[in-house]
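Data from start_17.cif: mmCIF, C-alpha atoms and all ligand atoms
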data_structure
loop_
_atom_site.label_atom_id
_atom_site.label_comp_id
_atom_site.auth_asym_id
_atom_site.auth_seq_id
_atom_site.Cartn_x
_atom_site.Cartn_y
_atom_site.Cartn_z
CA MET A 12 -5.42 -8.61 33.81
CA PRO A 13 -6.67 -11.34 31.39
CA VAL A 14 -4.22 -14.19 30.86
CA THR A 15 -2.17 -14.84 27.75
CA LEU A 16 -3.66 -17.54 25.52
CA THR A 17 -2.10 -20.37 23.56
CA PRO A 18 -2.66 -20.56 19.78
CA ALA A 19 -5.07 -23.46 20.42
CA GLU A 20 -7.09 -21.31 22.83
CA VAL A 21 -7.28 -18.46 20.31
CA ARG A 22 -8.43 -20.95 17.68
CA ALA A 23 -11.08 -22.31 20.07
CA ALA A 24 -12.41 -18.79 20.72
CA VAL A 25 -12.60 -18.08 16.97
CA ALA A 26 -14.33 -21.43 16.35
CA LYS A 27 -17.51 -20.01 17.95
CA LEU A 28 -17.98 -17.76 14.91
CA PRO A 29 -19.36 -18.83 11.54
CA ARG A 30 -16.64 -19.33 8.94
CA VAL A 31 -16.41 -20.53 5.34
CA ARG A 32 -13.06 -21.85 4.11
CA LEU A 33 -11.73 -19.73 1.25
CA ALA A 34 -8.02 -19.20 1.92
CA HIS A 35 -5.03 -21.47 1.44
CA LEU A 36 -3.86 -21.80 5.02
CA PRO A 37 -1.44 -21.84 6.71
CA THR A 38 0.51 -19.46 4.50
CA PRO A 39 4.28 -20.05 4.56
CA LEU A 40 6.63 -18.17 6.89
CA GLU A 41 9.83 -17.76 4.88
CA GLU A 42 13.18 -16.30 5.79
CA ALA A 43 14.52 -13.72 3.31
CA PRO A 44 18.32 -14.10 3.68
CA ARG A 45 19.42 -12.24 0.53
CA PHE A 46 17.10 -9.33 1.31
CA SER A 47 18.36 -9.26 4.92
CA ALA A 48 22.01 -9.29 3.79
CA LYS A 49 21.41 -6.44 1.35
CA LEU A 50 19.63 -4.47 4.06
CA GLY A 51 22.60 -4.75 6.41
CA GLY A 52 22.61 -4.34 10.17
CA GLY A 53 22.80 -8.10 10.76
CA VAL A 54 19.01 -8.50 11.02
CA ARG A 55 17.04 -11.55 9.88
CA VAL A 56 13.84 -10.75 7.98
CA PHE A 57 11.03 -13.33 7.77
CA ILE A 58 8.02 -12.94 5.49
CA LYS A 59 4.58 -14.24 6.39
CA ARG A 60 3.30 -14.98 2.88
CA ASP A 61 -0.31 -13.81 3.03
CA ASP A 62 0.16 -12.81 -0.59
CA CYS A 63 -0.27 -16.59 -1.11
CA THR A 64 -3.76 -17.03 0.39
CA GLY A 65 -5.23 -17.92 -3.01
CA LEU A 66 -8.72 -16.65 -3.92
CA ALA A 67 -7.88 -14.96 -7.24
CA LEU A 68 -4.23 -14.12 -6.58
CA GLY A 69 -4.00 -13.84 -2.81
CA GLY A 70 -3.92 -11.18 -0.12
CA ASN A 71 -5.32 -10.38 3.32
CA LYS A 72 -8.95 -10.23 2.18
CA ALA A 73 -9.09 -14.00 1.69
CA ARG A 74 -8.77 -14.35 5.47
CA HIS A 75 -11.25 -11.52 6.12
CA ASN A 76 -13.79 -13.00 3.76
CA GLU A 77 -13.86 -16.37 5.52
CA PHE A 78 -15.75 -14.57 8.31
CA LEU A 79 -17.56 -11.88 6.31
CA MET A 80 -19.01 -14.26 3.73
CA ALA A 81 -20.02 -16.68 6.50
CA ASP A 82 -21.82 -13.77 8.18
CA ALA A 83 -23.53 -12.96 4.86
CA LEU A 84 -24.65 -16.56 4.36
CA GLU A 85 -25.81 -16.94 7.99
CA SER A 86 -27.87 -13.76 7.62
CA GLY A 87 -29.59 -15.23 4.55
CA CYS A 88 -28.08 -12.69 2.13
CA ASP A 89 -28.26 -13.38 -1.61
CA MET A 90 -25.94 -10.64 -2.83
CA VAL A 91 -22.95 -8.55 -1.76
CA VAL A 92 -22.60 -4.76 -2.21
CA TRP A 93 -18.98 -3.64 -1.87
CA GLY A 94 -16.82 -0.71 -2.87
CA ALA A 95 -13.40 0.97 -2.68
CA LEU A 96 -10.90 2.33 -5.22
CA VAL A 97 -10.96 1.02 -8.82
CA GLN A 98 -7.78 -0.98 -8.12
CA SER A 99 -9.14 -2.43 -4.86
CA ASN A 100 -7.72 -5.74 -3.68
CA ASN A 101 -10.59 -5.90 -1.22
CA CYS A 102 -13.16 -5.76 -4.04
CA ARG A 103 -11.23 -8.25 -6.21
CA GLN A 104 -11.04 -10.85 -3.43
CA THR A 105 -14.64 -10.24 -2.37
CA ALA A 106 -15.83 -10.64 -5.96
CA ALA A 107 -13.83 -13.89 -6.08
CA ALA A 108 -15.38 -15.10 -2.81
CA CYS A 109 -18.85 -14.33 -4.22
CA ALA A 110 -18.08 -16.37 -7.32
CA ARG A 111 -17.00 -19.31 -5.14
CA LEU A 112 -20.15 -19.08 -3.02
CA GLY A 113 -22.69 -18.35 -5.75
CA LEU A 114 -23.50 -14.84 -4.49
CA GLU A 115 -24.14 -11.93 -6.83
CA CYS A 116 -21.48 -9.24 -6.39
CA ARG A 117 -22.16 -5.55 -7.03
CA LEU A 118 -19.10 -3.29 -6.88
CA PHE A 119 -19.17 0.52 -6.67
CA LEU A 120 -15.67 1.67 -7.44
CA SER A 121 -14.38 5.12 -6.60
CA MET A 122 -12.47 6.57 -9.52
CA ALA A 123 -10.17 9.11 -7.77
CA HIS A 124 -7.03 9.25 -9.96
CA GLN A 125 -7.29 5.63 -11.17
CA LYS A 126 -7.81 4.48 -14.75
CA THR A 127 -10.88 2.43 -15.64
CA GLU A 128 -9.28 0.23 -18.30
CA PRO A 129 -9.79 -3.44 -17.42
CA GLN A 130 -6.37 -4.16 -15.95
CA GLY A 131 -5.03 -5.49 -12.64
CA ASN A 132 -7.70 -5.91 -9.97
CA LEU A 133 -10.45 -4.46 -12.15
CA LEU A 134 -9.77 -7.03 -14.88
CA LEU A 135 -10.15 -9.78 -12.28
CA ASP A 136 -13.38 -8.24 -10.94
CA TYR A 137 -14.87 -8.61 -14.40
CA LEU A 138 -13.37 -12.03 -14.92
CA VAL A 139 -14.97 -13.53 -11.80
CA GLY A 140 -18.32 -12.08 -12.81
CA ALA A 141 -18.78 -9.00 -10.61
CA HIS A 142 -21.12 -6.26 -11.77
CA VAL A 143 -19.09 -3.02 -11.72
CA GLU A 144 -20.23 0.60 -11.54
CA PHE A 145 -17.97 3.62 -11.13
CA THR A 146 -18.66 6.47 -8.73
CA ASP A 147 -17.14 9.86 -7.90
CA ALA A 148 -17.74 9.24 -4.16
CA LYS A 149 -14.49 9.42 -2.17
CA VAL A 150 -13.24 6.30 -0.40
CA GLY A 151 -14.29 6.52 3.27
CA PRO A 152 -17.56 7.83 4.78
CA GLU A 153 -18.79 9.23 1.43
CA LEU A 154 -18.48 5.87 -0.33
CA TYR A 155 -19.85 3.97 2.72
CA ALA A 156 -23.01 6.14 2.45
CA VAL A 157 -23.34 5.20 -1.25
CA LEU A 158 -23.02 1.50 -0.39
CA ALA A 159 -25.63 1.75 2.39
CA ALA A 160 -28.02 3.58 0.01
CA LYS A 161 -27.50 1.00 -2.77
CA ALA A 162 -28.08 -1.85 -0.31
CA GLU A 163 -31.31 -0.17 0.77
CA GLU A 164 -32.42 0.12 -2.88
CA PHE A 165 -31.76 -3.60 -3.41
CA ARG A 166 -33.63 -4.44 -0.19
CA LYS A 167 -36.65 -2.44 -1.37
CA ALA A 168 -36.50 -4.39 -4.64
CA GLY A 169 -36.84 -7.65 -2.70
CA ARG A 170 -33.15 -8.64 -2.49
CA ARG A 171 -31.18 -9.54 0.66
CA PRO A 172 -27.88 -7.61 0.37
CA TYR A 173 -24.81 -7.88 2.58
CA TYR A 174 -22.84 -4.67 2.33
CA TRP A 175 -19.62 -3.02 3.51
CA ASN A 176 -21.05 -1.71 6.76
CA PRO A 177 -17.91 -0.83 8.77
CA PRO A 178 -19.22 -1.38 12.35
CA ARG A 179 -20.31 -4.87 11.36
CA VAL A 180 -17.62 -6.01 8.94
CA VAL A 181 -14.39 -4.47 10.27
CA PRO A 182 -14.34 -6.24 13.69
CA LEU A 183 -15.22 -9.57 12.04
CA ALA A 184 -12.41 -9.11 9.53
CA ALA A 185 -10.09 -8.32 12.45
CA VAL A 186 -10.91 -11.72 14.00
CA SER A 187 -9.24 -13.35 10.99
CA TYR A 188 -5.95 -11.59 11.75
CA ALA A 189 -6.05 -12.49 15.44
CA LEU A 190 -6.27 -16.03 14.09
CA CYS A 191 -3.39 -15.38 11.68
CA MET A 192 -1.29 -14.37 14.68
CA ALA A 193 -1.97 -17.77 16.28
CA GLU A 194 -0.77 -19.40 13.04
CA LEU A 195 2.32 -17.16 13.06
CA ALA A 196 3.08 -17.90 16.73
CA GLU A 197 3.17 -21.62 15.99
CA GLN A 198 5.37 -21.18 12.91
CA LEU A 199 7.83 -18.95 14.78
CA SER A 200 8.11 -21.43 17.59
CA ALA A 201 8.58 -24.33 15.12
CA GLN A 202 11.42 -22.35 13.48
CA ASN A 203 12.81 -21.43 16.91
CA VAL A 204 12.52 -17.72 16.23
CA THR A 205 11.57 -15.05 18.78
CA PRO A 206 10.49 -11.96 16.85
CA ASP A 207 11.85 -8.52 17.71
CA ALA A 208 9.29 -6.69 15.57
CA LEU A 209 6.34 -7.24 13.24
CA TYR A 210 5.42 -5.01 10.29
CA VAL A 211 2.14 -4.94 8.39
CA SER A 212 0.39 -2.53 6.04
CA SER A 213 -2.85 -1.45 7.65
CA ALA A 214 -5.02 1.39 8.88
CA GLY A 215 -8.00 -0.86 9.54
CA ALA A 216 -9.16 -4.41 10.20
CA THR A 217 -5.90 -6.23 9.54
CA GLY A 218 -3.91 -4.10 11.97
CA ALA A 219 -6.66 -4.28 14.58
CA GLY A 220 -6.52 -8.08 14.32
CA VAL A 221 -2.72 -8.19 14.47
CA ALA A 222 -2.70 -5.96 17.57
CA LEU A 223 -5.41 -8.07 19.19
CA GLY A 224 -3.58 -11.30 18.35
CA LYS A 225 -0.35 -9.86 19.76
CA LYS A 226 -2.13 -9.09 23.04
CA LEU A 227 -3.98 -12.43 23.23
CA LEU A 228 -0.86 -14.48 22.55
CA GLY A 229 1.55 -12.31 24.55
CA PHE A 230 3.93 -11.36 21.73
CA ALA A 231 6.48 -9.13 23.50
CA CYS A 232 7.71 -7.32 20.38
CA PRO A 233 6.23 -4.17 18.80
CA ALA A 234 3.72 -4.58 15.97
CA ARG A 235 4.29 -1.69 13.56
CA LEU A 236 1.06 -0.91 11.69
CA ILE A 237 2.12 1.09 8.64
CA CYS A 238 -0.84 3.07 7.34
CA PRO A 239 -1.40 3.21 3.56
CA MET A 240 -3.78 6.17 3.99
CA HIS A 241 -4.94 8.86 6.38
CA TRP A 242 -8.50 8.61 7.67
CA PRO A 243 -10.68 11.44 8.98
CA TRP A 244 -10.54 9.81 12.45
CA HIS A 245 -7.85 8.98 15.02
CA ILE A 246 -6.59 5.66 13.61
CA PRO A 247 -5.34 4.04 16.88
CA THR A 248 -8.64 4.83 18.64
CA LYS A 249 -10.69 3.34 15.80
CA MET A 250 -8.44 0.27 15.55
CA ALA A 251 -8.63 -0.29 19.32
CA ASP A 252 -12.45 -0.06 19.16
CA ASP A 253 -12.57 -2.60 16.33
CA ALA A 254 -10.09 -4.90 18.10
CA ASN A 255 -12.18 -4.74 21.25
CA THR A 256 -15.39 -5.54 19.38
CA ALA A 257 -13.53 -8.45 17.77
CA ALA A 258 -12.48 -9.71 21.23
CA GLU A 259 -16.09 -9.41 22.38
CA ARG A 260 -17.26 -11.41 19.36
CA MET A 261 -14.71 -14.08 20.32
CA GLY A 262 -16.06 -14.08 23.90
CA LEU A 263 -12.71 -12.94 25.33
CA PRO A 264 -12.13 -10.38 28.11
CA HIS A 265 -8.96 -8.85 26.60
CA ARG A 266 -9.16 -5.16 25.64
CA LEU A 267 -6.76 -2.76 23.94
CA ALA A 268 -6.17 0.92 24.65
CA PRO A 269 -5.41 3.21 21.67
CA SER A 270 -1.87 3.68 23.06
CA GLU A 271 -1.24 -0.04 22.43
CA LEU A 272 -1.60 0.43 18.66
CA ASP A 273 1.57 1.57 16.93
CA ALA A 274 -0.12 3.04 13.82
CA ASP A 275 2.37 5.05 11.76
CA GLU A 276 1.01 7.46 9.12
CA SER A 277 4.41 8.80 8.09
CA PHE A 278 4.77 6.52 5.03
CA VAL A 279 1.53 7.56 3.27
CA ASP A 280 3.07 10.40 1.23
CA PRO A 281 2.56 11.38 -1.56
CA GLY A 282 -0.92 10.01 -0.81
CA TYR A 283 -3.18 6.97 -0.73
CA GLY A 284 -2.89 4.97 -3.94
CA LEU A 285 0.27 6.77 -5.04
CA ALA A 286 3.79 5.36 -5.17
CA SER A 287 6.52 6.74 -2.89
CA PRO A 288 10.25 6.73 -3.76
CA ALA A 289 11.03 4.84 -0.51
CA GLY A 290 8.34 2.27 -1.36
CA GLN A 291 9.71 1.85 -4.88
CA GLU A 292 13.21 1.28 -3.50
CA ALA A 293 11.96 -1.29 -0.96
CA MET A 294 9.88 -3.04 -3.64
CA HIS A 295 12.90 -3.37 -5.93
CA LEU A 296 15.16 -4.51 -3.08
CA LEU A 297 12.82 -7.39 -2.20
CA ALA A 298 12.03 -8.31 -5.83
CA THR A 299 15.68 -8.40 -6.91
CA THR A 300 16.94 -10.36 -3.89
CA GLU A 301 14.07 -12.79 -3.20
CA ALA A 302 11.73 -12.55 -6.22
CA ILE A 303 8.94 -11.69 -3.78
CA LEU A 304 6.64 -9.05 -5.25
CA THR A 305 4.95 -6.20 -3.41
CA ASP A 306 2.57 -3.46 -4.58
CA HIS A 307 3.13 0.29 -4.59
CA VAL A 308 -0.07 1.18 -2.66
CA TYR A 309 0.20 -0.98 0.45
CA THR A 310 2.96 -3.50 0.97
CA ALA A 311 5.90 -1.57 -0.54
CA LYS A 312 5.22 1.33 1.82
CA ALA A 313 5.10 -1.00 4.85
CA LEU A 314 8.33 -2.61 3.67
CA ALA A 315 9.83 0.89 3.30
CA ALA A 316 9.12 1.46 7.00
CA LEU A 317 10.96 -1.77 7.87
CA VAL A 318 13.92 -0.74 5.70
CA ALA A 319 14.00 2.75 7.24
CA ASP A 320 13.88 1.39 10.81
CA VAL A 321 16.70 -1.10 10.15
CA ARG A 322 18.85 1.58 8.51
CA ALA A 323 18.19 3.90 11.45
CA GLY A 324 19.74 1.24 13.70
CA LYS A 325 16.54 0.44 15.56
CA TYR A 326 17.38 -3.28 15.81
CA ARG A 327 20.55 -4.90 17.09
CA PRO A 328 22.36 -7.52 14.96
CA GLY A 329 20.65 -10.91 15.09
CA SER A 330 17.17 -9.39 15.51
CA ALA A 331 14.31 -11.25 13.81
CA ILE A 332 11.82 -9.03 12.00
CA VAL A 333 8.59 -10.41 10.56
CA PHE A 334 6.96 -8.70 7.59
CA ILE A 335 3.32 -9.77 7.16
CA HIS A 336 2.85 -9.57 3.39
CA THR A 337 -0.80 -8.69 2.76
CA GLY A 338 -0.73 -9.12 -1.04
CA GLY A 339 -1.95 -6.49 -3.49
CA VAL A 340 0.29 -7.43 -6.41
CA PRO A 341 -2.42 -7.34 -9.17
CA ALA A 342 -2.45 -3.51 -8.91
CA ILE A 343 1.08 -3.28 -10.36
CA PHE A 344 -0.20 -4.44 -13.76
CA ALA A 345 -2.64 -1.52 -13.90
CA GLU A 346 -0.01 1.09 -13.09
CA PRO A 347 3.37 -0.14 -14.38
CA GLU A 348 4.68 3.44 -14.57
CA LYS A 349 4.44 3.61 -10.74
CA VAL A 350 6.44 0.41 -10.40
CA LEU A 351 9.15 1.10 -12.97
CA PRO A 352 9.42 4.89 -12.95
CA GLY A 353 10.84 6.36 -16.14
CA MET A 354 9.55 3.42 -18.18
C1 LIG B 401 -2.58 -5.39 -0.11
C2 LIG B 401 -3.25 -4.76 1.05
N1 LIG B 401 -2.57 -4.64 2.19
C3 LIG B 401 -3.10 -4.07 3.29
C4 LIG B 401 -4.39 -3.57 3.26
C5 LIG B 401 -4.94 -2.96 4.51
O1 LIG B 401 -5.92 -3.78 5.06
P1 LIG B 401 -6.91 -3.21 6.16
O2 LIG B 401 -7.94 -2.40 5.43
O3 LIG B 401 -7.50 -4.39 6.79
O4 LIG B 401 -6.11 -2.37 7.06
C6 LIG B 401 -5.15 -3.65 2.09
C7 LIG B 401 -6.52 -3.10 2.04
O5 LIG B 401 -7.17 -3.06 1.05
C8 LIG B 401 -4.57 -4.27 0.97
O6 LIG B 401 -5.25 -4.40 -0.18
#
Mind converting the file's structure to structure tokens?
Amino acid sequence: MPVTLTPAEVRAAVAKLPRVRLAHLPTPLEEAPRFSAKLGGGVRVFIKRDDCTGLALGGNKARHNEFLMADALESGCDMVVWGALVQSNNCRQTAAACARLGLECRLFLSMAHQKTEPQGNLLLDYLVGAHVEFTDAKVGPELYAVLAAKAEEFRKAGRRPYYWNPPRVVPLAAVSYALCMAELAEQLSAQNVTPDALYVSSAGATGAGVALGKKLLGFACPARLICPMHWPWHIPTKMADDANTAAERMGLPHRLAPSELDADESFVDPGYGLASPAGQEAMHLLATTEAILTDHVYTAKALAALVADVRAGKYRPGSAIVFIHTGGVPAIFAEPEKVLPGM
């Protein structure tokens, strides 16, 4: 079995890959004592503040983009073709990265149920100079096909596009969260905290990276990957594949089996992009005790899982629980009625 690595060894493995600095790192690891007290059960909750990564209001994509944009630049690309929902944090932070690096950014945003008024993430897409088009293609394989076709059109027109091509970009994005876990390991040890559980919102690259980092660094606690959406594939199998490709890219022999990924789809309801009552309660609990903001699509649902597990008595008193806050807050300005129901 491959050995456990130190944070410095993980960092050395990642250093073999091209990277551009875009994020404010390290992000703080903060204890949330008033939230913990309100939650009850005697647990201590710590928040890894990846909502503070910078790059046009923070979030997990600032870390991802350090590797994706470096890949784009190394491949000689002169533009980026990206897409997701209208209120995509991914697209907002990628558009911001493009602005910083002087790359043209073309966004194809899937409308689904979302409004197209310039608010929240969409407002910021425009503000940092992205070119936006709306599409009826559904997020997932249908939208990926649109992005591949658009990239091909640009290539034929003489451009050199870098596009959201999942087999290429997802493992590279996962590398950034294996690296985040090295950062977290050092912060926990500096604060003399041994975690009993980690929580993060993910059904993709971020969770694959967290699970890989947990394995590389020998974290003994569970890493609960709370899915914001269902995918038309088996999520743990896909995440394990992406984590393993990430390990390969880092030149490491460690591999994950799907059974090592604790991906939980039970907090998605009433659906991707929609607020849940449990998420709204968790969001208000954290905002009113710590003034730390979450969003209704991703982080509030992951926090709701943490709240539910603590209330179910899953952790003994004194347990330390780390919530990796992946950002997403700009979306609340576009859909205030989902944040303050009955407004
Ligand atoms: C705020 C936020 N949290 C979590 C995620 C999930 O990240 P991943 O796609 O890497 O699983 C996203 C994805 O867009 C996000 O915007």
key: Exercise: Gly70 in chain A partners within 8 Å, all atoms listed in the file, chain neighbours under 6 positions left out, as a PyMOL selection string   = chain A and resi 61-64+100+104+336-339
Those selected residues, please, written with C-alpha atoms and delivered as a JSON list (two decimals), in the frame of the given file.
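Output below, filename part.json:
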[["chain", "number", "residue", "atom", "x", "y", "z"],
["A", 61, "ASP", "CA", -0.31, -13.81, 3.03],
["A", 62, "ASP", "CA", 0.16, -12.81, -0.59],
["A", 63, "CYS", "CA", -0.27, -16.59, -1.11],
["A", 64, "THR", "CA", -3.76, -17.03, 0.39],
["A", 100, "ASN", "CA", -7.72, -5.74, -3.68],
["A", 104, "GLN", "CA", -11.04, -10.85, -3.43],
["A", 336, "HIS", "CA", 2.85, -9.57, 3.39],
["A", 337, "THR", "CA", -0.80, -8.69, 2.76],
["A", 338, "GLY", "CA", -0.73, -9.12, -1.04],
["A", 339, "GLY", "CA", -1.95, -6.49, -3.49]]
request  = Select the residues contacting ligand LIG 401 (chain B) at a distance of at most 8 Å, based on only C-alpha atoms and all ligand atoms, then format the selection as a PyMOL selection string.
outcome  = chain A and resi 62+70-72+99-101+181+184-185+211-219+238-239+306+308-310+336-340
ask   = When distances are computed from only C-alpha atoms, which of A:Leu79, A:Val318, A:Ala108, A:Ala156 shows the smallest separation from Gly52 in chain A?
value =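 Ranked by minimum distance to Gly52 in chain A, first place goes to A:Val318.
Of the residues listed (A:Met122, A:Ala251, A:Leu28, A:Leu199), A:Ala251 shows the shortest atom-to-atom separation from Pro269 in chain A; distances use only C-alpha atoms.
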note = What separates CA of Arg30 in chain A and CA of Pro264 in chain A is a distance of 21.6 Å
task = Using all atoms listed in the file, pick whichever of A:Glu301, A:Glu346, A:Asp275, A:Glu115 has the shortest atom-to-atom distance to Ala316 in chain A.
result = A:Asp275
message = With distances taken over only C-alpha atoms, which residue among A:Leu236, A:Met250, A:Val21, A:Leu183 lies nearest Ala313 in chain A?
response = A:Leu236
request  = Please provide as a list in words all residues within 12 Å of Ala289 in chain A, with the sequence filter that same-chain residues fewer than 5 positions apart are discarded (counting all atoms listed in the file).
outcome  = Ser277, Phe278, Val279, Asp280, Pro281, Met294, His295, Leu296, His307, Val308, Thr310, Ala311, Lys312, Ala313, Leu314, Ala315, Ala316, Leu317, Val318, Ala319 and Val350 of chain A
ask   = Do you have the CA of Asn132 in chain A-CA of Gly113 in chain A distance handy?
value =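 About the pair CA of Asn132 in chain A and CA of Gly113 in chain A: they are 19.9 Å apart.
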request  = Give as a PyMOL selection string every residue, naming chains and numbers as the document does, that has an atom within 12 Å of (-17.3, -6.1, -16.3), counting all atoms listed in the file.
outcome  = chain A and resi 103+106+116-120+127-130+132-145
